[in-house]
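Note sheet for the following structure.
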4 protein chains.
Amino acid sequence: MPTTFLGSALRGTFFFIFGLWWSVRYPLKYLRRKDNAESQHSFGRAEIFEGAVKAFFALIGILVEQFVPTGPHLQLYSPKTQSWTDLTHWHYSTVYLFFLLSGIMDMVSHSPLKLPPGLDRLSLSVALFIEGLLFCFRDYSNAALDQHLHSLLAMAIFAGALCALLEVFLRDHIILETFRTSSFLLQGSWLWQIGSVLSPPWGGPGWDQTDHSNLTFLTMCFCWHYAGALAVLAANSAASRCCNESCQLKFGDIDVELDCGLCLRGAKRSSGGALLPESSSDDK
Amino acid sequence: MPTTFLGSALRGTFFFIFGLWWSVRYPLKYLRRKDNAESQHSFGRAEIFEGAVKAFFALIGILVEQFVPTGPHLQLYSPKTQSWTDLTHWHYSTVYLFFLLSGIMDMVSHSPLKLPPGLDRLSLSVALFIEGLLFCFRDYSNAALDQHLHSLLAMAIFAGALCALLEVFLRDHIILETFRTSSFLLQGSWLWQIGSVLSPPWGGPGWDQTDHSNLTFLTMCFCWHYAGALAVLAANSAASRCCNESCQLKFGDIDVELDCGLCLRGAKRSSGGALLPESSSDDK
Amino acid sequence: MPTTFLGSALRGTFFFIFGLWWSVRYPLKYLRRKDNAESQHSFGRAEIFEGAVKAFFALIGILVEQFVPTGPHLQLYSPKTQSWTDLTHWHYSTVYLFFLLSGIMDMVSHSPLKLPPGLDRLSLSVALFIEGLLFCFRDYSNAALDQHLHSLLAMAIFAGALCALLEVFLRDHIILETFRTSSFLLQGSWLWQIGSVLSPPWGGPGWDQTDHSNLTFLTMCFCWHYAGALAVLAANSAASRCCNESCQLKFGDIDVELDCGLCLRGAKRSSGGALLPESSSDDK
Amino acid sequence: MPTTFLGSALRGTFFFIFGLWWSVRYPLKYLRRKDNAESQHSFGRAEIFEGAVKAFFALIGILVEQFVPTGPHLQLYSPKTQSWTDLTHWHYSTVYLFFLLSGIMDMVSHSPLKLPPGLDRLSLSVALFIEGLLFCFRDYSNAALDQHLHSLLAMAIFAGALCALLEVFLRDHIILETFRTSSFLLQGSWLWQIGSVLSPPWGGPGWDQTDHSNLTFLTMCFCWHYAGALAVLAANSAASRCCNESCQLKFGDIDVELDCGLCLRGAKRSSGGALLPESSSDDK
């Protein structure tokens, strides 16, 4: 079954929105963490929310793949035709299943259950590795362009997976978070490109699969998508920085009060008798 | 010589049981370590026991491979037919030999000989790499499905090997231990799948080697096996957690006494005069 | 479009000069850092200068690629011939674009904006990965020698990219900086070699693409280039060391005064009241 | 030019002797380091000696390769036959050149010049990578068995190279040193095997290049060589341990005196005021 534009674009939109959200969230987290130790709690809630959204969309994705009119309706083997039914739908269902698991793991690992930290990143990494693996071993049956497009996609996916794997060990590393965000933006926009190359939304057949200059052009195009992803990332980071600063200016007085309160409480909580709260507030 | 169902299933069972055992042991170790520094001794004994079991089964495996009626009986080259005899049996014997070495190393490195820590993980990693290497270079002679199944297996093996290699440097890391456990569960259940695909236990020939949709389906199936392995892992972790907590509730009073005793003794042993035993027992 | 000698030599010169510059700068930085904590400021300025030079030459490169008489003049698709125009020019423009981004990032990340450290190395690493990716997926259309030369080049590029990636996490590591320098020197001199093999400057056709002994010889030649790069690196390091020492001898008195001033100020600045030369000896 | 048994065996002997020497030296170093901080000086001298031996044999190797009767006598291109002369001899000369560089770097980096630590391991790693690269890109011209044997060799070489690269960052790590030793032993014994397979010393032609069971057997044989290397390593480690303990028993009294002397001097040198504050502040 060929790739449809609508399916590819929907998947792309999902990854792209996640990338956009992270491109705002991580710079803010980084700036806040530098300023004071506040708001760990709110970021924990953000992770739970993220996990819920991821799990929800993955579940929707599985249901849609299974129960669209052309879908397999949970039937795996058709005894009538003695063949597997709609392996492409099952293929995407499998990918979504692992994102569903990753979403559930995000929610569970930030709950009060005290799971070992890093399980959420490991499950994201596993979901991405499985996605890449399935794209690598799909049946392209001599469609060179199709295979090339998906091997470039797999590159973006594996880069994200490796980055998430590193985050298991180097948690809250802003460079890794930025790189992961850029890989999601790239994956999202490249899925749109794949859709428009293989089944153009304005009708007509896809691009010529045998023309080698198409392959060369699309490799270059992949690089431009990444440059675009970096530009979006930079713009969002700058915007969130400006926003953060203007907020602090506006609510400066309130912030100072809040911060002081938090500092005092934080100092009392963390200082195991080694540091007197008075001296810490005098320092600053 | 084709893969037999019985051999594949036996090997799979071995890896699966190891995975099951670890999926109970590591969560317990993690929970106990968080609670107090107790029970390092008992885990050292568990590692020696594990090594002994591994070495024992590897030795049995070598003997079975060599001395089954169709086996080579330690004969490597047959001068009569001017060819190597039963390379598949020798192939598995070689794999078991390295697991035997790994088992012996487990036992030796937790003995009072004071070998450098990490040698046990290195030897496990070497055993897995050798296993993967031998599966990669087997003679598949144009059986595409056979090769595909074993290359997926090799992926699970190499993932486990890399994980064990990392554990040489990051010892007692719960995430790595969990991942290694999942790779063993996957390897175990996948060996069952290989056996049932290539030589179905209910008789009849294996699956069609030339049908490409079989390859696509089995790649997906590999992912489902991993999802299943993760489910088993999660269930066992949750069960061992519940069990751990109910044990602590039931034997709470005894535990407190035991813990205090251990703490006192531990504090006296480890505190180089820096920490007074009385204050540490007062803290808790 | 075949590789021209002039283009290849110009690119090579650019990388080689960067390598030469680093082979002097990093040993000096290492020696100064060992002697005292001085001159971090001047090295920050050196990085900004480097970034500006890199960005400037990358911009020149893009303009030249686009607006030479045979260039595409920003036209990507020619509706007349129904084909992509001059993909080689666009290919190099893309490579330069990422080096332009890397140069800008170098300048921005050493400005007073306080970006997270490591973004400059990440952007260099991305630029090198993109360069390597584009060389890997170029259309060599059965020219075995051409492909072999560029795959050796890609090896040098990826080695540099991996090294820059490691520097994100291990900043100011002299071994990594040395290795990156050597990879740039190698890349520079190998680009000259590629140019002279594929389109000799003294006219005549390139080397025989089908002769396998040419491939074997050029692999060896690549190793000699690396030996040469190491020799240049060693000579420059030794020279900068001698120069550093003779400078210190000549201006010894001034240095001592300057150093003392800097040390005192540094001590005052870094010790947040925690360290008073007298109190530190009392503490212990 | 085909592989000769004598050349392959000589190379193998060189690597094997290095492996044997390390299999005694590193366990001793580890045991001594655990006992006391002594003998860093003597190990520095051992490294210089090692480097000298390595450089000497590499130089001999280059001279032999160039000036044997069938060698190229420093002539690279023969204008008479319009072809490269004896690329295999040049190939090995290149490999030896990098080991020569590595030997020189070993000597220089343990001299009083105070080079950054890790350069010796980096140069060893580069030498091994170059060796592996040259074996990968050799012209095997359809000799499947030849290529398979050398790709297994390249695996042993790259494992050693990666290990040496890790040692740049994790210096004096006993596990890495042990693994590097085992990779050298494997490489040495495998070179003997290659020689005896491709040109048997007892005359006659090499093994059948087209028989696939030979490939399967030799892959297994490679694993047995590694098992043998591990056995040699274990025996030598155990022997050096026993020897170390009996030496200490015999010369116990002398040792104690020497150790005390060294300890006191070492303590005076290294103790930054922690042991005796007065003397350390007087030193500076």
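Letters A, B, ... go to the chains of the structure tokens in the order shown; residues in each chain start at 1; ligands are counted from 1 in the same order.
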
Compile the contact shell of region 234-244 of chain A as a list of chain:residue names: residues with an atom at most 9 Å away, counting only C-alpha atoms, same-chain residues fewer than 6 positions apart removed.
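Near region 234-244 of chain A, the qualifying residues are A:Leu20, A:Ser23, A:Val24, A:Arg25, A:Tyr26, A:Pro27, A:Leu28, A:Leu31, A:Arg32.
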
Contacts between chain D and chain C, please, where a residue of chain C counts if it comes within 10 Å (with only C-alpha atoms); show its shortest atom pair and distance in Å to one decimal, rows by chain and ascending number, as JSON lines.
{"residue": "C:Pro27", "atom": "CA", "partner": "D:Pro116", "partner_atom": "CA", "distance": 9.8}
{"residue": "C:Tyr30", "atom": "CA", "partner": "D:Pro116", "partner_atom": "CA", "distance": 8.7}
{"residue": "C:Leu31", "atom": "CA", "partner": "D:Pro116", "partner_atom": "CA", "distance": 9.8}
{"residue": "C:His148", "atom": "CA", "partner": "D:Phe137", "partner_atom": "CA", "distance": 9.7}
{"residue": "C:Leu152", "atom": "CA", "partner": "D:Leu133", "partner_atom": "CA", "distance": 10.0}
{"residue": "C:Leu170", "atom": "CA", "partner": "D:Phe169", "partner_atom": "CA", "distance": 9.8}
{"residue": "C:His173", "atom": "CA", "partner": "D:Pro116", "partner_atom": "CA", "distance": 9.7}
{"residue": "C:Ile174", "atom": "CA", "partner": "D:Pro116", "partner_atom": "CA", "distance": 7.3}
{"residue": "C:Ile175", "atom": "CA", "partner": "D:Leu119", "partner_atom": "CA", "distance": 6.8}
{"residue": "C:Leu176", "atom": "CA", "partner": "D:Val168", "partner_atom": "CA", "distance": 9.7}
{"residue": "C:Thr178", "atom": "CA", "partner": "D:Leu119", "partner_atom": "CA", "distance": 9.4}
{"residue": "C:Phe179", "atom": "CA", "partner": "D:Leu122", "partner_atom": "CA", "distance": 8.8}
{"residue": "C:Asp211", "atom": "CA", "partner": "D:Ser83", "partner_atom": "CA", "distance": 9.9}
{"residue": "C:His212", "atom": "CA", "partner": "D:Asp139", "partner_atom": "CA", "distance": 7.3}
{"residue": "C:Ser213", "atom": "CA", "partner": "D:Trp84", "partner_atom": "CA", "distance": 7.3}
{"residue": "C:Asn214", "atom": "CA", "partner": "D:Trp84", "partner_atom": "CA", "distance": 8.2}
{"residue": "C:Leu215", "atom": "CA", "partner": "D:Phe137", "partner_atom": "CA", "distance": 8.3}
{"residue": "C:Thr216", "atom": "CA", "partner": "D:Arg138", "partner_atom": "CA", "distance": 6.2}
{"residue": "C:Phe217", "atom": "CA", "partner": "D:Leu87", "partner_atom": "CA", "distance": 6.9}
{"residue": "C:Thr219", "atom": "CA", "partner": "D:Leu134", "partner_atom": "CA", "distance": 7.0}
{"residue": "C:Met220", "atom": "CA", "partner": "D:His91", "partner_atom": "CA", "distance": 6.5}
{"residue": "C:Cys221", "atom": "CA", "partner": "D:Thr94", "partner_atom": "CA", "distance": 9.1}
{"residue": "C:Phe222", "atom": "CA", "partner": "D:Ile130", "partner_atom": "CA", "distance": 9.7}
{"residue": "C:Cys223", "atom": "CA", "partner": "D:Ile130", "partner_atom": "CA", "distance": 6.9}
{"residue": "C:Trp224", "atom": "CA", "partner": "D:Thr94", "partner_atom": "CA", "distance": 7.5}
{"residue": "C:Tyr226", "atom": "CA", "partner": "D:Ile130", "partner_atom": "CA", "distance": 9.5}
{"residue": "C:Ala227", "atom": "CA", "partner": "D:Phe98", "partner_atom": "CA", "distance": 7.6}
{"residue": "C:Leu230", "atom": "CA", "partner": "D:Leu101", "partner_atom": "CA", "distance": 9.5}
{"residue": "C:Ala231", "atom": "CA", "partner": "D:Leu101", "partner_atom": "CA", "distance": 9.8}
{"residue": "C:Ser280", "atom": "CA", "partner": "D:Gly273", "partner_atom": "CA", "distance": 9.8}
{"residue": "C:Ser281", "atom": "CA", "partner": "D:Pro277", "partner_atom": "CA", "distance": 7.2}
{"residue": "C:Asp282", "atom": "CA", "partner": "D:Pro277", "partner_atom": "CA", "distance": 8.8}
{"residue": "C:Asp283", "atom": "CA", "partner": "D:Gly273", "partner_atom": "CA", "distance": 9.9}
{"residue": "C:Lys284", "atom": "CA", "partner": "D:Ala274", "partner_atom": "CA", "distance": 6.3}

With N, CA and C atoms kept, could you save the residues just selected as an mmCIF file, in the first residue's frame?
data_model
loop_
_atom_site.group_PDB
_atom_site.id
_atom_site.type_symbol
_atom_site.label_atom_id
_atom_site.label_comp_id
_atom_site.auth_asym_id
_atom_site.auth_seq_id
_atom_site.Cartn_x
_atom_site.Cartn_y
_atom_site.Cartn_z
ATOM 1 N N PRO C 27 47.892 24.495 21.408
ATOM 2 C CA PRO C 27 49.029 24.268 22.309
ATOM 3 C C PRO C 27 49.315 25.486 23.190
ATOM 4 N N TYR C 30 46.821 25.604 25.921
ATOM 5 C CA TYR C 30 47.112 24.566 26.917
ATOM 6 C C TYR C 30 48.240 24.986 27.842
ATOM 7 N N LEU C 31 49.311 25.548 27.256
ATOM 8 C CA LEU C 31 50.478 25.950 28.056
ATOM 9 C C LEU C 31 50.102 27.089 28.999
ATOM 10 N N HIS C 148 35.584 6.317 -4.201
ATOM 11 C CA HIS C 148 36.546 5.894 -3.182
ATOM 12 C C HIS C 148 37.236 7.107 -2.562
ATOM 13 N N LEU C 152 36.874 8.208 1.426
ATOM 14 C CA LEU C 152 37.995 8.451 2.341
ATOM 15 C C LEU C 152 37.874 9.856 2.946
ATOM 16 N N LEU C 170 33.020 17.197 26.721
ATOM 17 C CA LEU C 170 34.351 17.300 27.331
ATOM 18 C C LEU C 170 35.036 18.533 26.769
ATOM 19 N N HIS C 173 39.332 19.913 26.146
ATOM 20 C CA HIS C 173 40.164 18.729 26.324
ATOM 21 C C HIS C 173 41.234 18.771 25.237
ATOM 22 N N ILE C 174 42.500 18.896 25.649
ATOM 23 C CA ILE C 174 43.571 19.163 24.679
ATOM 24 C C ILE C 174 43.710 18.029 23.662
ATOM 25 N N ILE C 175 43.454 16.780 24.086
ATOM 26 C CA ILE C 175 43.585 15.661 23.151
ATOM 27 C C ILE C 175 42.530 15.754 22.049
ATOM 28 N N LEU C 176 41.306 16.093 22.442
ATOM 29 C CA LEU C 176 40.249 16.212 21.437
ATOM 30 C C LEU C 176 40.534 17.372 20.497
ATOM 31 N N THR C 178 43.444 18.528 19.703
ATOM 32 C CA THR C 178 44.538 18.107 18.817
ATOM 33 C C THR C 178 44.018 17.209 17.710
ATOM 34 N N PHE C 179 43.147 16.272 18.078
ATOM 35 C CA PHE C 179 42.630 15.349 17.078
ATOM 36 C C PHE C 179 41.780 16.084 16.040
ATOM 37 N N ASP C 211 41.230 1.132 -12.844
ATOM 38 C CA ASP C 211 42.394 0.383 -12.388
ATOM 39 C C ASP C 211 42.341 0.222 -10.870
ATOM 40 N N HIS C 212 42.263 -1.022 -10.409
ATOM 41 C CA HIS C 212 42.090 -1.235 -8.975
ATOM 42 C C HIS C 212 43.336 -0.864 -8.174
ATOM 43 N N SER C 213 44.525 -0.911 -8.817
ATOM 44 C CA SER C 213 45.737 -0.585 -8.065
ATOM 45 C C SER C 213 45.763 0.905 -7.712
ATOM 46 N N ASN C 214 45.068 1.727 -8.504
ATOM 47 C CA ASN C 214 44.947 3.145 -8.134
ATOM 48 C C ASN C 214 44.219 3.295 -6.804
ATOM 49 N N LEU C 215 43.140 2.540 -6.639
ATOM 50 C CA LEU C 215 42.391 2.592 -5.375
ATOM 51 C C LEU C 215 43.287 2.198 -4.208
ATOM 52 N N THR C 216 44.020 1.093 -4.380
ATOM 53 C CA THR C 216 44.882 0.623 -3.300
ATOM 54 C C THR C 216 45.940 1.672 -2.980
ATOM 55 N N PHE C 217 46.538 2.249 -4.052
ATOM 56 C CA PHE C 217 47.566 3.254 -3.804
ATOM 57 C C PHE C 217 46.988 4.459 -3.075
ATOM 58 N N THR C 219 44.404 4.696 -1.085
ATOM 59 C CA THR C 219 44.126 4.426 0.324
ATOM 60 C C THR C 219 45.387 4.631 1.147
ATOM 61 N N MET C 220 46.503 4.120 0.620
ATOM 62 C CA MET C 220 47.779 4.258 1.304
ATOM 63 C C MET C 220 48.187 5.718 1.380
ATOM 64 N N CYS C 221 47.933 6.418 0.269
ATOM 65 C CA CYS C 221 48.283 7.827 0.163
ATOM 66 C C CYS C 221 47.521 8.633 1.225
ATOM 67 N N PHE C 222 46.277 8.236 1.474
ATOM 68 C CA PHE C 222 45.461 8.893 2.502
ATOM 69 C C PHE C 222 46.160 8.787 3.862
ATOM 70 N N CYS C 223 46.735 7.597 4.127
ATOM 71 C CA CYS C 223 47.451 7.407 5.387
ATOM 72 C C CYS C 223 48.678 8.304 5.451
ATOM 73 N N TRP C 224 49.383 8.439 4.318
ATOM 74 C CA TRP C 224 50.558 9.310 4.314
ATOM 75 C C TRP C 224 50.160 10.765 4.554
ATOM 76 N N TYR C 226 47.790 11.664 6.379
ATOM 77 C CA TYR C 226 47.554 11.820 7.818
ATOM 78 C C TYR C 226 48.880 11.905 8.574
ATOM 79 N N ALA C 227 49.871 11.083 8.126
ATOM 80 C CA ALA C 227 51.189 11.169 8.759
ATOM 81 C C ALA C 227 51.759 12.572 8.580
ATOM 82 N N LEU C 230 50.081 14.927 10.930
ATOM 83 C CA LEU C 230 50.604 14.781 12.295
ATOM 84 C C LEU C 230 51.965 15.455 12.420
ATOM 85 N N ALA C 231 52.781 15.366 11.355
ATOM 86 C CA ALA C 231 54.097 16.005 11.394
ATOM 87 C C ALA C 231 53.959 17.520 11.481
ATOM 88 N N SER C 280 42.958 29.464 54.643
ATOM 89 C CA SER C 280 42.971 28.141 53.997
ATOM 90 C C SER C 280 43.978 27.227 54.685
ATOM 91 N N SER C 281 45.106 27.768 55.047
ATOM 92 C CA SER C 281 46.061 26.895 55.729
ATOM 93 C C SER C 281 45.579 26.577 57.149
ATOM 94 N N ASP C 282 44.832 27.520 57.706
ATOM 95 C CA ASP C 282 44.299 27.244 59.048
ATOM 96 C C ASP C 282 43.227 26.155 59.007
ATOM 97 N N ASP C 283 42.435 26.219 57.924
ATOM 98 C CA ASP C 283 41.325 25.276 57.791
ATOM 99 C C ASP C 283 41.783 23.832 57.929
ATOM 100 N N LYS C 284 42.937 23.551 57.283
ATOM 101 C CA LYS C 284 43.298 22.137 57.175
ATOM 102 C C LYS C 284 44.308 21.702 58.225
#

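Across all paired C-alpha atoms, the best overlay of chain D on chain A gives 3.0 Å RMSD.
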
Distance CA of Gly19 (chain C)-CA of Thr181 (chain C), one decimal place?
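It comes out at 5.0 Å.
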
Do a neighbour search on Pro201 (chain C) at 12 Å with only C-alpha atoms, toss out local chain neighbours closer than 3 positions, and write the hits as a list of chain:residue names.
C:Thr3, C:Thr4, C:Phe5, C:Leu6, C:Gly7, C:Ser8, C:Ala9, C:Trp192, C:Gln193, C:Ile194, C:Gly195, C:Ser196, C:Val197, C:Leu198, C:Gly204, C:Pro205, C:Gly206

Within 10 Å of Gly160 (chain B), counting only C-alpha atoms, which residues qualify if same-chain residues fewer than 3 places away don't, as a PDB file with N, CA and C atoms, in the first residue's frame?
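Done, and the output landed in out-v7.pdb:
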ATOM      1  N   LEU B 124      30.513 -11.434  30.251  1.00  0.00           N
ATOM      2  CA  LEU B 124      29.164 -11.623  29.708  1.00  0.00           C
ATOM      3  C   LEU B 124      29.045 -10.926  28.363  1.00  0.00           C
ATOM      4  N   SER B 125      29.602  -9.720  28.291  1.00  0.00           N
ATOM      5  CA  SER B 125      29.544  -8.958  27.053  1.00  0.00           C
ATOM      6  C   SER B 125      30.281  -9.685  25.941  1.00  0.00           C
ATOM      7  N   LEU B 128      28.213 -12.570  24.669  1.00  0.00           N
ATOM      8  CA  LEU B 128      27.119 -12.152  23.796  1.00  0.00           C
ATOM      9  C   LEU B 128      27.648 -11.704  22.438  1.00  0.00           C
ATOM     10  N   PHE B 129      28.779 -10.969  22.428  1.00  0.00           N
ATOM     11  CA  PHE B 129      29.346 -10.552  21.140  1.00  0.00           C
ATOM     12  C   PHE B 129      29.717 -11.759  20.289  1.00  0.00           C
ATOM     13  N   ALA B 154      20.297 -11.293  16.186  1.00  0.00           N
ATOM     14  CA  ALA B 154      21.614 -10.704  16.437  1.00  0.00           C
ATOM     15  C   ALA B 154      21.460  -9.290  16.980  1.00  0.00           C
ATOM     16  N   MET B 155      20.423  -8.570  16.530  1.00  0.00           N
ATOM     17  CA  MET B 155      20.185  -7.226  17.034  1.00  0.00           C
ATOM     18  C   MET B 155      19.914  -7.245  18.544  1.00  0.00           C
ATOM     19  N   ALA B 156      19.032  -8.187  18.957  1.00  0.00           N
ATOM     20  CA  ALA B 156      18.742  -8.314  20.387  1.00  0.00           C
ATOM     21  C   ALA B 156      20.006  -8.684  21.158  1.00  0.00           C
ATOM     22  N   ILE B 157      20.830  -9.569  20.553  1.00  0.00           N
ATOM     23  CA  ILE B 157      22.045 -10.023  21.234  1.00  0.00           C
ATOM     24  C   ILE B 157      23.031  -8.876  21.387  1.00  0.00           C
ATOM     25  N   CYS B 163      24.976  -3.262  26.280  1.00  0.00           N
ATOM     26  CA  CYS B 163      24.504  -2.893  27.607  1.00  0.00           C
ATOM     27  C   CYS B 163      25.437  -3.460  28.677  1.00  0.00           C
ATOM     28  N   ALA B 164      25.823  -4.745  28.516  1.00  0.00           N
ATOM     29  CA  ALA B 164      26.732  -5.362  29.486  1.00  0.00           C
ATOM     30  C   ALA B 164      28.086  -4.673  29.464  1.00  0.00           C
ATOM     31  N   LEU B 165      28.506  -4.223  28.274  1.00  0.00           N
ATOM     32  CA  LEU B 165      29.787  -3.511  28.164  1.00  0.00           C
ATOM     33  C   LEU B 165      29.730  -2.182  28.919  1.00  0.00           C
ATOM     34  N   LEU B 166      28.611  -1.479  28.785  1.00  0.00           N
ATOM     35  CA  LEU B 166      28.450  -0.215  29.514  1.00  0.00           C
ATOM     36  C   LEU B 166      28.481  -0.453  31.017  1.00  0.00           C
ATOM     37  N   LEU B 176      20.389   0.265  33.191  1.00  0.00           N
ATOM     38  CA  LEU B 176      21.127  -0.689  32.357  1.00  0.00           C
ATOM     39  C   LEU B 176      20.732  -2.115  32.693  1.00  0.00           C
ATOM     40  N   GLU B 177      20.567  -2.397  33.973  1.00  0.00           N
ATOM     41  CA  GLU B 177      20.169  -3.746  34.369  1.00  0.00           C
ATOM     42  C   GLU B 177      18.788  -4.094  33.817  1.00  0.00           C
ATOM     43  N   PHE B 179      17.426  -2.815  31.127  1.00  0.00           N
ATOM     44  CA  PHE B 179      17.514  -2.992  29.680  1.00  0.00           C
ATOM     45  C   PHE B 179      18.117  -4.349  29.332  1.00  0.00           C
ATOM     46  N   ARG B 180      19.146  -4.750  30.076  1.00  0.00           N
ATOM     47  CA  ARG B 180      19.755  -6.061  29.828  1.00  0.00           C
ATOM     48  C   ARG B 180      18.732  -7.175  30.054  1.00  0.00           C
ATOM     49  N   THR B 181      17.953  -7.036  31.128  1.00  0.00           N
ATOM     50  CA  THR B 181      16.906  -8.021  31.401  1.00  0.00           C
ATOM     51  C   THR B 181      15.937  -8.112  30.233  1.00  0.00           C
ATOM     52  N   SER B 182      15.513  -6.932  29.722  1.00  0.00           N
ATOM     53  CA  SER B 182      14.548  -6.951  28.617  1.00  0.00           C
ATOM     54  C   SER B 182      15.161  -7.580  27.376  1.00  0.00           C
ATOM     55  N   SER B 183      16.481  -7.362  27.152  1.00  0.00           N
ATOM     56  CA  SER B 183      17.092  -7.955  25.957  1.00  0.00           C
ATOM     57  C   SER B 183      17.175  -9.477  26.092  1.00  0.00           C
ATOM     58  N   PHE B 184      17.353  -9.982  27.336  1.00  0.00           N
ATOM     59  CA  PHE B 184      17.375 -11.441  27.514  1.00  0.00           C
ATOM     60  C   PHE B 184      15.988 -12.035  27.316  1.00  0.00           C
ATOM     61  N   LEU B 186      13.667 -10.811  25.431  1.00  0.00           N
ATOM     62  CA  LEU B 186      13.395 -10.749  23.997  1.00  0.00           C
ATOM     63  C   LEU B 186      14.101 -11.876  23.271  1.00  0.00           C
ATOM     64  N   GLN B 187      15.380 -12.082  23.594  1.00  0.00           N
ATOM     65  CA  GLN B 187      16.161 -13.129  22.939  1.00  0.00           C
ATOM     66  C   GLN B 187      15.526 -14.495  23.185  1.00  0.00           C
TER      67      GLN B 187
END

Quick one: pick out all strand (DSSP E) residues within region 70-238 of chain D from a backbone DSSP run and write them as number ranges by chain.
D: 77-78, 83-84

Rounded to one decimal place, report the CA of Gln209 (chain D)-CA of Ser151 (chain D) distance in Å.
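A separation of 14.7 Å between them.
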
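As for CA of Ala52 (chain D) and CA of Leu100 (chain D), they are spaced 9.0 Å apart.
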
Pick out the residues sitting within 7 Å of region 62-67 of chain D, and hand them over as a list in words; count only C-alpha atoms, and ignore anything fewer than 4 positions along from it in its own chain.
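After dropping sequence-adjacent residues, the list is Ala58, Gly71, Pro72, His73, Leu74, His89, Ser93 and Tyr96 of chain D.
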